[in-house]
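Below: input.txt (compact mmCIF, C-alpha atoms)
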```txt
# COMPACT_ATOMS: atom_id res chain seq x y z
CA MET E 527 13.74 -36.68 9.48
CA GLY E 528 16.80 -34.44 9.98
CA ILE E 529 19.37 -36.71 11.68
CA VAL E 530 19.04 -40.29 12.94
CA VAL E 531 21.91 -41.74 15.00
CA GLU E 532 21.69 -45.51 15.44
CA ASN E 533 23.82 -47.52 17.91
CA LEU E 534 26.83 -45.28 17.28
CA THR E 535 30.17 -46.40 18.76
CA LYS E 536 33.69 -45.01 18.38
CA THR E 537 36.67 -46.64 20.05
CA TYR E 538 40.29 -45.55 20.39
CA GLY E 539 42.19 -48.64 21.39
CA THR E 540 40.44 -49.92 24.49
CA GLN E 541 38.65 -46.62 25.21
CA LYS E 542 35.10 -46.02 23.99
CA ALA E 543 34.73 -42.32 23.20
CA VAL E 544 31.14 -42.97 22.07
CA ASP E 545 29.37 -46.01 23.48
CA ASN E 546 26.38 -47.35 21.51
CA ILE E 547 24.26 -44.18 21.48
CA SER E 548 21.04 -43.58 19.53
CA PHE E 549 19.03 -40.38 19.12
CA GLN E 550 17.18 -38.31 16.55
CA VAL E 551 17.08 -34.62 15.66
CA GLU E 552 13.88 -33.50 13.97
CA THR E 553 13.83 -31.12 11.03
CA GLY E 554 13.77 -27.52 12.34
CA GLU E 555 14.80 -28.51 15.88
CA ILE E 556 17.65 -26.96 17.88
CA LEU E 557 19.30 -29.69 19.99
CA GLY E 558 21.59 -28.71 22.86
CA PHE E 559 24.49 -31.17 23.13
CA LEU E 560 25.91 -31.13 26.65
CA GLY E 561 28.55 -33.05 28.56
CA PRO E 562 31.88 -32.63 30.35
CA ASN E 563 35.17 -32.62 28.44
CA GLY E 564 35.81 -36.05 26.98
CA ALA E 565 32.14 -37.06 27.05
CA GLY E 566 32.06 -37.80 23.30
CA LYS E 567 30.28 -34.71 21.97
CA THR E 568 32.88 -33.60 19.43
CA THR E 569 33.51 -37.17 18.28
CA THR E 570 29.79 -37.65 17.64
CA MET E 571 29.59 -34.40 15.67
CA LYS E 572 32.63 -35.32 13.58
CA ILE E 573 31.00 -38.64 12.70
CA ILE E 574 27.71 -36.95 11.75
CA THR E 575 29.60 -34.56 9.47
CA THR E 576 31.56 -37.51 7.93
CA PHE E 577 34.90 -36.11 9.09
CA MET E 578 35.39 -39.33 11.06
CA ALA E 579 34.23 -42.92 10.59
CA PRO E 580 32.47 -44.75 13.44
CA SER E 581 33.65 -48.08 14.81
CA ALA E 582 30.07 -49.36 14.75
CA GLY E 583 26.56 -48.07 14.12
CA ASP E 584 25.23 -45.67 11.53
CA VAL E 585 24.08 -42.08 11.03
CA LYS E 586 21.44 -41.05 8.50
CA VAL E 587 21.20 -37.43 7.40
CA SER E 588 17.92 -36.67 5.60
CA GLY E 589 17.58 -40.42 5.13
CA ILE E 590 21.08 -40.90 3.66
CA SER E 591 23.56 -43.16 5.46
CA ILE E 592 27.09 -41.85 6.07
CA PHE E 593 28.29 -45.08 4.43
CA ASP E 594 26.38 -44.50 1.20
CA ASP E 595 26.86 -40.92 0.00
CA GLN E 596 29.17 -38.70 2.03
CA GLU E 597 29.39 -36.00 -0.64
CA THR E 598 25.64 -35.39 -0.58
CA ILE E 599 25.63 -35.35 3.23
CA LYS E 600 28.42 -32.76 3.31
CA LYS E 601 26.35 -30.50 1.04
CA LYS E 602 23.44 -30.75 3.47
CA ILE E 603 25.53 -29.81 6.55
CA GLY E 604 27.21 -26.60 7.67
CA TYR E 605 29.87 -27.19 10.32
CA LEU E 606 31.55 -24.76 12.70
CA PRO E 607 34.22 -26.68 14.65
CA GLU E 608 35.35 -25.53 18.09
CA SER E 609 38.71 -24.27 16.81
CA ASN E 610 37.01 -22.22 14.03
CA PRO E 611 39.95 -22.58 11.59
CA LEU E 612 40.10 -19.41 9.48
CA TYR E 613 42.72 -18.02 7.11
CA GLN E 614 43.88 -15.02 9.13
CA ASP E 615 45.53 -13.21 6.21
CA MET E 616 42.48 -13.32 3.95
CA PRO E 617 39.97 -10.45 3.83
CA VAL E 618 36.47 -11.45 4.97
CA LEU E 619 34.86 -11.17 1.52
CA GLU E 620 37.67 -13.08 -0.17
CA TYR E 621 37.44 -15.86 2.42
CA LEU E 622 33.67 -16.17 2.01
CA GLU E 623 34.12 -16.36 -1.78
CA PHE E 624 36.69 -19.12 -1.23
CA ALA E 625 34.29 -20.96 1.13
CA ALA E 626 31.45 -20.66 -1.38
CA LEU E 627 33.53 -22.11 -4.21
CA ILE E 628 34.80 -24.95 -1.98
CA GLN E 629 31.14 -25.75 -1.19
CA GLN E 630 30.38 -25.75 -4.93
CA VAL E 631 27.99 -22.82 -4.85
CA PRO E 632 27.28 -22.00 -8.54
CA LYS E 633 29.50 -19.11 -9.65
CA GLU E 634 26.54 -16.97 -10.69
CA LYS E 635 25.14 -17.23 -7.14
CA VAL E 636 28.37 -16.65 -5.17
CA ASN E 637 28.15 -12.85 -4.88
CA GLY E 638 24.50 -13.02 -3.84
CA ARG E 639 25.20 -15.65 -1.16
CA ILE E 640 28.13 -13.60 0.19
CA ALA E 641 25.97 -10.47 0.44
CA GLU E 642 23.22 -12.47 2.16
CA MET E 643 25.65 -13.96 4.70
CA VAL E 644 27.27 -10.59 5.43
CA HIS E 645 23.82 -9.17 6.18
CA LEU E 646 22.62 -12.19 8.20
CA THR E 647 25.72 -12.41 10.40
CA GLY E 648 26.18 -8.63 10.85
CA LEU E 649 29.57 -8.45 9.13
CA ASN E 650 28.93 -5.38 6.99
CA SER E 651 31.12 -3.02 9.03
CA GLU E 652 34.02 -5.51 9.04
CA LYS E 653 33.72 -7.11 5.61
CA HIS E 654 36.77 -5.37 4.07
CA LYS E 655 39.12 -6.21 6.96
CA LYS E 656 41.48 -9.15 7.12
CA ILE E 657 40.18 -11.92 9.36
CA GLY E 658 43.23 -11.60 11.63
CA GLU E 659 42.22 -8.00 12.42
CA LEU E 660 38.76 -8.99 13.71
CA SER E 661 37.66 -9.47 17.32
CA LYS E 662 36.87 -13.02 18.43
CA GLY E 663 33.15 -12.27 18.23
CA PHE E 664 33.40 -11.20 14.59
CA LYS E 665 35.61 -14.20 13.80
CA GLN E 666 32.82 -16.42 15.11
CA ARG E 667 30.43 -14.59 12.80
CA VAL E 668 32.74 -15.29 9.87
CA GLY E 669 32.80 -18.96 10.94
CA LEU E 670 28.99 -19.03 10.97
CA ALA E 671 28.88 -17.31 7.58
CA GLN E 672 31.15 -19.94 6.00
CA ALA E 673 29.08 -22.73 7.57
CA LEU E 674 25.92 -21.23 6.03
CA ILE E 675 27.28 -20.05 2.69
CA HIS E 676 25.95 -23.07 0.75
CA ASP E 677 22.49 -22.86 2.42
CA PRO E 678 22.67 -26.23 4.24
CA GLU E 679 19.65 -27.92 5.78
CA ILE E 680 21.59 -28.75 8.95
CA LEU E 681 23.97 -26.68 11.06
CA ILE E 682 26.38 -28.26 13.56
CA LEU E 683 28.07 -25.83 15.97
CA ASP E 684 30.79 -27.00 18.37
CA GLU E 685 31.21 -24.51 21.25
CA PRO E 686 30.33 -21.46 19.10
CA THR E 687 30.55 -18.96 22.01
CA THR E 688 33.76 -20.18 23.70
CA GLY E 689 35.95 -17.24 24.70
CA LEU E 690 33.38 -14.56 23.90
CA ASP E 691 32.43 -11.76 26.28
CA PRO E 692 28.83 -11.61 27.63
CA ASN E 693 27.66 -9.15 24.97
CA GLN E 694 29.14 -11.24 22.17
CA ILE E 695 27.53 -14.39 23.62
CA VAL E 696 24.09 -12.74 23.52
CA GLU E 697 24.67 -11.58 19.94
CA ILE E 698 25.75 -15.05 18.71
CA ARG E 699 22.92 -16.70 20.69
CA ASN E 700 20.34 -14.44 19.05
CA LEU E 701 21.88 -15.13 15.65
CA ILE E 702 21.62 -18.91 16.22
CA LYS E 703 17.96 -18.57 17.26
CA GLU E 704 17.28 -16.55 14.10
CA ILE E 705 18.97 -19.18 11.92
CA GLY E 706 17.16 -21.96 13.83
CA ARG E 707 13.81 -20.85 12.44
CA GLU E 708 14.78 -22.46 9.14
CA LYS E 709 17.58 -24.95 9.95
CA THR E 710 18.07 -28.11 11.99
CA ILE E 711 20.82 -27.29 14.52
CA ILE E 712 23.01 -29.28 16.89
CA LEU E 713 24.65 -26.91 19.37
CA SER E 714 27.43 -28.10 21.67
CA THR E 715 28.22 -25.82 24.61
CA HIS E 716 29.28 -25.67 28.25
CA ILE E 717 27.17 -22.56 28.92
CA LEU E 718 23.99 -23.90 30.49
CA PRO E 719 21.89 -20.68 30.35
CA GLU E 720 22.66 -20.58 26.63
CA VAL E 721 21.07 -24.02 26.22
CA GLU E 722 17.90 -23.01 28.04
CA GLU E 723 17.65 -19.77 26.05
CA THR E 724 18.36 -21.30 22.66
CA CYS E 725 17.53 -25.01 22.46
CA ASP E 726 14.27 -26.91 22.02
CA ARG E 727 15.71 -30.07 23.57
CA ILE E 728 18.77 -31.10 25.59
CA LEU E 729 20.86 -34.25 25.26
CA ILE E 730 23.53 -34.90 27.92
CA LEU E 731 26.46 -37.24 27.28
CA ASN E 732 28.77 -38.67 29.93
CA ASN E 733 31.55 -41.21 29.34
CA GLY E 734 30.28 -41.76 25.82
CA LYS E 735 26.72 -42.62 26.89
CA ILE E 736 23.46 -40.64 26.80
CA VAL E 737 22.43 -39.93 30.40
CA ALA E 738 19.55 -37.51 29.70
CA ASN E 739 17.40 -36.52 26.75
CA GLY E 740 14.48 -34.07 26.94
CA THR E 741 13.45 -30.45 27.40
CA SER E 742 14.87 -28.50 30.33
CA GLN E 743 11.47 -28.78 32.02
CA THR E 744 11.22 -32.57 31.64
CA LEU E 745 14.81 -33.00 32.86
CA ARG E 746 13.94 -31.05 36.01
CA GLN E 747 10.91 -33.22 36.62
CA ARG E 748 12.90 -36.43 36.19
CA ALA E 749 15.82 -35.25 38.30
CA SER E 750 13.83 -35.22 41.49
CA GLY E 751 10.26 -35.94 42.51
CA ASN E 752 10.73 -33.55 45.43
CA GLN E 753 10.01 -29.84 45.41
CA SER E 754 11.38 -27.01 47.51
CA ILE E 755 9.22 -24.09 48.64
CA ARG E 756 10.53 -20.84 50.07
CA LEU E 757 8.24 -19.26 52.70
CA GLN E 758 8.23 -16.01 54.63
CA ILE E 759 5.66 -15.81 57.42
CA LEU E 760 5.50 -12.56 59.42
CA ASP E 761 3.66 -11.61 62.64
CA ALA E 762 4.57 -15.01 64.12
CA GLU E 763 7.21 -16.57 66.33
CA PRO E 764 9.49 -18.80 64.18
CA ASP E 765 9.61 -21.44 66.94
CA VAL E 766 5.81 -21.68 66.74
CA VAL E 767 5.66 -21.72 62.94
CA LEU E 768 8.31 -24.43 62.61
CA PRO E 769 6.39 -27.36 64.19
CA GLY E 770 3.22 -26.30 62.39
CA LEU E 771 5.00 -26.59 59.04
CA GLN E 772 6.65 -29.88 60.02
CA ASN E 773 3.27 -31.43 60.80
CA ILE E 774 1.82 -30.79 57.35
CA ASP E 775 1.41 -34.07 55.46
CA GLY E 776 3.89 -34.27 52.58
CA VAL E 777 6.48 -31.89 54.10
CA LEU E 778 9.76 -33.81 54.43
CA SER E 779 11.87 -31.16 56.15
CA VAL E 780 11.82 -27.50 57.23
CA ASP E 781 14.92 -25.32 57.59
CA PHE E 782 15.45 -21.72 58.65
CA ILE E 783 17.15 -19.51 56.04
CA ALA E 784 20.10 -17.81 57.69
CA ASP E 785 20.07 -14.02 57.96
CA GLU E 786 16.46 -13.81 56.75
CA PRO E 787 14.06 -13.59 59.72
CA ASN E 788 10.87 -15.63 59.58
CA THR E 789 11.95 -17.26 56.30
CA PHE E 790 11.87 -21.03 55.78
CA MET E 791 12.81 -23.57 53.13
CA LEU E 792 10.50 -26.58 52.86
CA LEU E 793 11.31 -29.84 51.09
CA CYS E 794 8.11 -31.56 49.97
CA ASP E 795 7.65 -35.05 48.59
CA GLU E 796 6.20 -33.72 45.32
CA GLU E 797 4.64 -30.65 43.74
CA ASN E 798 1.43 -30.58 45.73
CA GLU E 799 -1.27 -27.92 45.70
CA LYS E 800 -2.72 -29.46 48.90
CA ILE E 801 0.47 -28.57 50.80
CA ARG E 802 0.30 -24.95 49.66
CA ARG E 803 -3.38 -24.76 50.64
CA GLU E 804 -2.62 -26.11 54.12
CA ILE E 805 0.17 -23.56 54.59
CA PHE E 806 -2.18 -20.76 53.57
CA GLY E 807 -4.96 -22.07 55.86
CA MET E 808 -2.57 -22.34 58.82
CA CYS E 809 -1.53 -18.72 58.34
CA VAL E 810 -5.14 -17.53 58.08
CA SER E 811 -6.26 -19.40 61.21
CA ASN E 812 -3.34 -17.97 63.23
CA ASN E 813 -3.56 -14.43 61.80
CA TRP E 814 -0.05 -14.75 60.37
CA PHE E 815 1.00 -12.69 57.36
CA LEU E 816 2.17 -14.95 54.52
CA SER E 817 4.40 -12.59 52.55
CA GLU E 818 6.07 -15.17 50.29
CA MET E 819 5.44 -18.71 49.04
CA THR E 820 7.71 -19.47 46.08
CA PRO E 821 8.31 -22.91 44.52
CA ILE E 822 12.04 -23.36 43.80
CA GLU E 823 12.89 -25.10 40.53
CA THR E 824 15.84 -27.46 40.29
CA LYS E 825 18.65 -25.71 38.40
CA LEU E 826 19.87 -27.20 35.14
CA GLU E 827 23.40 -26.83 36.53
CA ASP E 828 22.50 -29.11 39.47
CA ILE E 829 20.99 -31.70 37.10
CA PHE E 830 24.10 -31.59 34.92
CA ARG E 831 26.40 -32.12 37.91
CA GLU E 832 24.26 -34.95 39.27
CA LEU E 833 24.35 -36.78 35.93
CA THR E 834 28.03 -36.27 35.09
CA MET E 835 29.92 -36.35 38.42
CA ASN E 836 31.37 -39.84 38.25
```

Please lay out the structure from this file as structure tokens.
Amino acid sequence: MGIVVENLTKTYGTQKAVDNISFQVETGEILGFLGPNGAGKTTTMKIITTFMAPSAGDVKVSGISIFDDQETIKKKIGYLPESNPLYQDMPVLEYLEFAALIQQVPKEKVNGRIAEMVHLTGLNSEKHKKIGELSKGFKQRVGLAQALIHDPEILILDEPTTGLDPNQIVEIRNLIKEIGREKTIILSTHILPEVEETCDRILILNNGKIVANGTSQTLRQRASGNQSIRLQILDAEPDVVLPGLQNIDGVLSVDFIADEPNTFMLLCDEENEKIRREIFGMCVSNNWFLSEMTPIETKLEDIFRELTMN
């Protein structure tokens, strides 16, 4: 087992930043950690990495409790905090050597690990520059390189693409997916498409509590039992089509789509093949041309807002 979080709580005075949460991250899994600002994501990650002690509960990393052997846990984890603290005046190679020695990489292996990280994170063209001279995208790569320099089993990334341009985001996302083939990763981010592209599973926190846990597909299914269908029916009068659609069993509502002639949005009580068959049969019997029938999936953004707007 990669990470097991058990009844974790962290309080600041009377405020509970993390409120009795439990979850697991399997070995080799990429977990997307979502939630609004102040939800408890960073606090949870700091506790997992032993940078902060919990008020109650426990975390086990590869079966080791954070109360039993923090030094061993730290060796198993690579951590990239949101602020990505780097020594701006140090050249990239010198900084990675420093990071390797801090992480107790054997001296005879340091140069090999640095070369491997430079290749993996695409730093070869920038490796002789000072960190302060790098773009934000390359600074994030240096941050990832230092988090990986000691070959940890687990990688914890707090907002790794904050402030990057779209091209840099894609580059870092692809790099995380590449690393995720061999590592267990917890990825905190506000960029929802990034989660769907990168993560195997999504965990959403709000007010210190877990409000959702599952794949993007299972979260959509749980969010609403209803399904929307977009239709375009040609060679027919809309005022004739409308009551025909409304009379189909399982159709809850039918609306015209503005500025798109003969186009309708149906809300159905569930995903139902029988409804689609009846629509098709109605069009055939009336010699109408059914040019579009598209199920509309609930957006992850809508699910996130529904779960965290309180």

Quick one: of E:Gln694, E:Thr576, E:Asn563, E:Ser609, who's nearest to Met835 (chain E), counting all atoms listed in the file?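 Using all atoms listed in the file, Met835 (chain E) sits closest to E:Asn563.
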
Contacts of Phe593 (chain E) at 9 Å or less, counting only C-alpha atoms, minus same-chain residues fewer than 3 places along, as a PyMOL selection string? chain E and resi 576+579+584-586+590+596

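Using only C-alpha atoms, the nearest neighbour of Ser714 (chain E) within the list E:Asp677, E:Glu634, E:Glu597, E:Glu608 is E:Glu608.
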
Tell me, as a ChimeraX atom specification, which residues lie within 9 Å of Gln550 (chain E), counting all atoms listed in the file; anything in the same chain fewer than 5 positions away does not count. /E:527-532

Enumerate, in order of chain and increasing residue number, the residues of region 563-644 of chain E with an atom no farther than 12 Å from region 724-741 of chain E, each with its shortest atom pair and distance in Å to one decimal, counting only C-alpha atoms, as a tab-separated table.
```
residue	atom	partner	partner_atom	distance
E:Asn563	CA	E:Asn732	CA	8.9
E:Gly564	CA	E:Asn733	CA	7.1
E:Ala565	CA	E:Asn732	CA	4.7
E:Gly566	CA	E:Gly734	CA	5.0
E:Lys567	CA	E:Leu731	CA	7.0
E:Thr568	CA	E:Gly734	CA	10.7
E:Thr569	CA	E:Gly734	CA	9.4
E:Thr570	CA	E:Gly734	CA	9.2
```

E:Ile712, E:Val766, E:Leu606, E:Glu720 ranked by distance to Lys665 (chain E), top pick (using all atoms listed in the file):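 Closest to Lys665 (chain E) of all the choices is E:Leu606.
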
Would you mind writing region 694-708 of chain E with N, CA and C atoms, as a CSV table (one decimal), in the coordinates of the input?
```
chain,number,residue,atom,x,y,z
E,694,GLN,N,29.0,-10.4,23.4
E,694,GLN,CA,29.1,-11.2,22.2
E,694,GLN,C,28.3,-12.5,22.2
E,695,ILE,N,28.3,-13.1,23.4
E,695,ILE,CA,27.5,-14.4,23.6
E,695,ILE,C,26.1,-14.2,23.3
E,696,VAL,N,25.5,-13.1,23.8
E,696,VAL,CA,24.1,-12.7,23.5
E,696,VAL,C,23.9,-12.5,22.0
E,697,GLU,N,24.8,-11.8,21.4
E,697,GLU,CA,24.7,-11.6,19.9
E,697,GLU,C,24.7,-12.9,19.1
E,698,ILE,N,25.6,-13.8,19.4
E,698,ILE,CA,25.8,-15.0,18.7
E,698,ILE,C,24.5,-15.9,19.0
E,699,ARG,N,24.1,-15.9,20.3
E,699,ARG,CA,22.9,-16.7,20.7
E,699,ARG,C,21.7,-16.3,19.9
E,700,ASN,N,21.5,-14.9,19.8
E,700,ASN,CA,20.3,-14.4,19.0
E,700,ASN,C,20.4,-14.8,17.6
E,701,LEU,N,21.7,-14.8,17.0
E,701,LEU,CA,21.9,-15.1,15.6
E,701,LEU,C,21.5,-16.6,15.4
E,702,ILE,N,21.9,-17.5,16.3
E,702,ILE,CA,21.6,-18.9,16.2
E,702,ILE,C,20.1,-19.1,16.3
E,703,LYS,N,19.4,-18.4,17.2
E,703,LYS,CA,18.0,-18.6,17.3
E,703,LYS,C,17.3,-18.1,16.0
E,704,GLU,N,17.8,-17.0,15.4
E,704,GLU,CA,17.3,-16.6,14.1
E,704,GLU,C,17.5,-17.6,13.0
E,705,ILE,N,18.7,-18.2,12.9
E,705,ILE,CA,19.0,-19.2,11.9
E,705,ILE,C,18.1,-20.4,12.2
E,706,GLY,N,17.9,-20.7,13.5
E,706,GLY,CA,17.2,-22.0,13.8
E,706,GLY,C,15.7,-22.0,13.4
E,707,ARG,N,15.2,-20.9,12.9
E,707,ARG,CA,13.8,-20.8,12.4
E,707,ARG,C,13.7,-21.6,11.1
E,708,GLU,N,14.8,-21.8,10.4
E,708,GLU,CA,14.8,-22.5,9.1
E,708,GLU,C,15.7,-23.7,9.1
```
